[in-house]
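K.L.:
I'd like to ask you about the structure that follows.
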Amino acid sequence: MTRQPSPTAKDALLRAASGQGAEMFDDGYALHPIARQAAIATPSHWVDAFVVAAHEDGRIELARLTGEALRCWHFDDLRAVLTTGAPVAVHALYGVLAVGDELLNVSLAR
C-alpha cells in the first residue's frame with residue numbers, strides 16, 4: 001500500500017481556486033472570470049481583515065481591522081492556507097477572498 005503525500009497549502013489553494021469538484025460558479029465554489037475582473041476593477045469595495053479561524057467544513061471567521069466580525073464559506077477546507085492571524089482581504093460586493101496572490105470565491109454571511 002502506497003501512502004499518498006499530504007496536500008500542501010499551495011495544493012489547497014489551487015484546488016479551491018480552480019473550483020475542482022464544483023459544477024457551477026455558485027457562491028463559495030469556482031470564481032467566475034467575470035467576477036474576478038469585476039472585483040479587481042472595483043478596489044473601493046475591498047476590506048482588510050485577518051483570519052480568526054478556518055474550519056474543516058469551509059466556514060471562515062475573519063475580523064476587520066476595526067474588530068468587526070466577518071464570516072464566509074468556501075466549499076474546500078482551507079485550514080492549511082488560512083492560518084490564524086494571517087492577513088486577507090474580502091471584496092464585500094462580489095464575495096471574493098484574497099489570500100496572498102490568490103482570489104477565491106466565497107459566500108459571505110449577510
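Going through the C-alpha cells in order, the chains are called A, B, and so on, while each chain numbers its residues from 1 and the ligands are numbered from 1 in the order shown.
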So that I can check the surroundings of region 87-102 of chain A, please list as number ranges by chain every protein, DNA and RNA residue that reaches within 10 Å of it, counting only C-alpha atoms and ignoring chain neighbours fewer than 2 positions away.
P.N.:
A: 10, 13-14, 16-17, 27-28, 31, 35-36, 38-40, 42-52, 62-65, 70, 72-74, 81-85, 104-109
K.L.:
Could you go through region 35-68 of chain A and tell me which residues DSSP, when run on the backbone, assigns to strand (DSSP E or B), listing them as a list of chain:residue names?
P.N.:
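Across region 35-68 of chain A, those assigned strand (DSSP E or B) are A:Trp46, A:Val47, A:Asp48, A:Ala49, A:Phe50, A:Val51, A:Val52, A:Ala53, A:Ala54, A:Arg59, A:Ile60, A:Glu61, A:Leu62, A:Ala63, A:Arg64.
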K.L.:
Hey, can you spit out that residue selection with all heavy atoms as a tab-separated table (two decimals), in the first residue's frame?
P.N.:
chain	number	residue	atom	x	y	z
A	46	TRP	N	-12.92	46.53	-1.36
A	46	TRP	CA	-12.08	45.58	-0.62
A	46	TRP	C	-11.99	45.99	0.84
A	46	TRP	O	-11.85	47.17	1.16
A	46	TRP	CB	-10.67	45.51	-1.22
A	46	TRP	CG	-10.62	44.77	-2.52
A	46	TRP	CD1	-10.56	45.32	-3.76
A	46	TRP	CD2	-10.62	43.36	-2.71
A	46	TRP	NE1	-10.52	44.33	-4.72
A	46	TRP	CE2	-10.56	43.12	-4.09
A	46	TRP	CE3	-10.66	42.27	-1.83
A	46	TRP	CZ2	-10.54	41.83	-4.63
A	46	TRP	CZ3	-10.64	40.98	-2.37
A	46	TRP	CH2	-10.58	40.78	-3.75
A	47	VAL	N	-12.08	45.02	1.72
A	47	VAL	CA	-12.00	45.25	3.17
A	47	VAL	C	-10.82	44.42	3.70
A	47	VAL	O	-10.76	43.21	3.46
A	47	VAL	CB	-13.30	44.79	3.86
A	47	VAL	CG1	-13.19	44.88	5.36
A	47	VAL	CG2	-14.49	45.59	3.34
A	48	ASP	N	-9.91	45.07	4.40
A	48	ASP	CA	-8.79	44.36	5.02
A	48	ASP	C	-9.26	43.64	6.27
A	48	ASP	O	-10.06	44.17	7.04
A	48	ASP	CB	-7.66	45.32	5.37
A	48	ASP	CG	-6.99	45.91	4.14
A	48	ASP	OD1	-6.87	45.19	3.13
A	48	ASP	OD2	-6.56	47.08	4.19
A	49	ALA	N	-8.74	42.44	6.47
A	49	ALA	CA	-9.13	41.64	7.64
A	49	ALA	C	-8.00	40.69	7.99
A	49	ALA	O	-6.97	40.64	7.29
A	49	ALA	CB	-10.40	40.86	7.33
A	50	PHE	N	-8.19	39.95	9.05
A	50	PHE	CA	-7.27	38.87	9.38
A	50	PHE	C	-8.07	37.65	9.77
A	50	PHE	O	-9.24	37.73	10.15
A	50	PHE	CB	-6.25	39.28	10.46
A	50	PHE	CG	-6.87	39.66	11.78
A	50	PHE	CD1	-7.09	38.71	12.77
A	50	PHE	CD2	-7.23	40.98	12.03
A	50	PHE	CE1	-7.66	39.07	13.98
A	50	PHE	CE2	-7.81	41.34	13.24
A	50	PHE	CZ	-8.03	40.38	14.22
A	51	VAL	N	-7.45	36.50	9.65
A	51	VAL	CA	-8.12	35.23	9.91
A	51	VAL	C	-8.23	35.00	11.41
A	51	VAL	O	-7.25	35.08	12.13
A	51	VAL	CB	-7.36	34.06	9.25
A	51	VAL	CG1	-8.02	32.73	9.59
A	51	VAL	CG2	-7.25	34.26	7.75
A	52	VAL	N	-9.45	34.74	11.87
A	52	VAL	CA	-9.69	34.35	13.25
A	52	VAL	C	-9.67	32.83	13.34
A	52	VAL	O	-9.03	32.26	14.21
A	52	VAL	CB	-11.03	34.92	13.77
A	52	VAL	CG1	-11.35	34.39	15.15
A	52	VAL	CG2	-10.99	36.45	13.75
A	53	ALA	N	-10.38	32.17	12.42
A	53	ALA	CA	-10.41	30.71	12.39
A	53	ALA	C	-10.89	30.23	11.03
A	53	ALA	O	-11.69	30.89	10.37
A	53	ALA	CB	-11.33	30.18	13.49
A	54	ALA	N	-10.39	29.08	10.63
A	54	ALA	CA	-10.87	28.38	9.43
A	54	ALA	C	-11.25	26.98	9.88
A	54	ALA	O	-10.53	26.36	10.66
A	54	ALA	CB	-9.79	28.34	8.37
A	59	ARG	N	-16.22	26.84	6.75
A	59	ARG	CA	-16.54	28.12	7.40
A	59	ARG	C	-15.24	28.86	7.70
A	59	ARG	O	-14.27	28.27	8.14
A	59	ARG	CB	-17.32	27.91	8.69
A	59	ARG	CG	-18.75	27.46	8.49
A	59	ARG	CD	-19.47	27.25	9.81
A	59	ARG	NE	-18.81	26.20	10.59
A	59	ARG	CZ	-18.29	26.37	11.81
A	59	ARG	NH1	-18.36	27.54	12.42
A	59	ARG	NH2	-17.70	25.37	12.44
A	60	ILE	N	-15.28	30.17	7.46
A	60	ILE	CA	-14.11	31.01	7.70
A	60	ILE	C	-14.56	32.20	8.55
A	60	ILE	O	-15.52	32.89	8.19
A	60	ILE	CB	-13.51	31.51	6.37
A	60	ILE	CG1	-13.15	30.33	5.47
A	60	ILE	CG2	-12.30	32.41	6.63
A	60	ILE	CD1	-12.91	30.72	4.02
A	61	GLU	N	-13.88	32.41	9.65
A	61	GLU	CA	-14.16	33.55	10.53
A	61	GLU	C	-13.03	34.56	10.37
A	61	GLU	O	-11.86	34.21	10.49
A	61	GLU	CB	-14.24	33.08	11.98
A	61	GLU	CG	-15.34	32.09	12.25
A	61	GLU	CD	-15.29	31.56	13.67
A	61	GLU	OE1	-15.09	32.37	14.60
A	61	GLU	OE2	-15.43	30.34	13.83
A	62	LEU	N	-13.42	35.79	10.09
A	62	LEU	CA	-12.46	36.87	9.90
A	62	LEU	C	-12.80	38.02	10.82
A	62	LEU	O	-13.92	38.11	11.32
A	62	LEU	CB	-12.50	37.36	8.44
A	62	LEU	CG	-12.34	36.31	7.34
A	62	LEU	CD1	-12.62	36.93	5.98
A	62	LEU	CD2	-10.95	35.72	7.39
A	63	ALA	N	-11.85	38.91	11.01
A	63	ALA	CA	-12.09	40.14	11.76
A	63	ALA	C	-11.51	41.30	10.95
A	63	ALA	O	-10.37	41.24	10.49
A	63	ALA	CB	-11.46	40.08	13.14
A	64	ARG	N	-12.34	42.32	10.77
A	64	ARG	CA	-11.84	43.54	10.14
A	64	ARG	C	-10.84	44.19	11.07
A	64	ARG	O	-10.78	43.89	12.26
A	64	ARG	CB	-12.99	44.50	9.87
A	64	ARG	CG	-13.96	44.00	8.82
A	64	ARG	CD	-15.05	44.98	8.58
A	64	ARG	NE	-14.48	46.21	8.04
A	64	ARG	CZ	-15.18	47.14	7.41
A	64	ARG	NH1	-16.47	47.00	7.26
A	64	ARG	NH2	-14.60	48.23	6.95
K.L.:
Distance CA of Tyr29 (chain A)-CA of Ala80 (chain A), one decimal place?
P.N.:
17.6 Å
K.L.:
Determine the nearest neighbour of Leu103 (chain A) from the options A:His32, A:Asp26, A:Ala69, A:Phe75, counting only C-alpha atoms.
P.N.:
A:His32
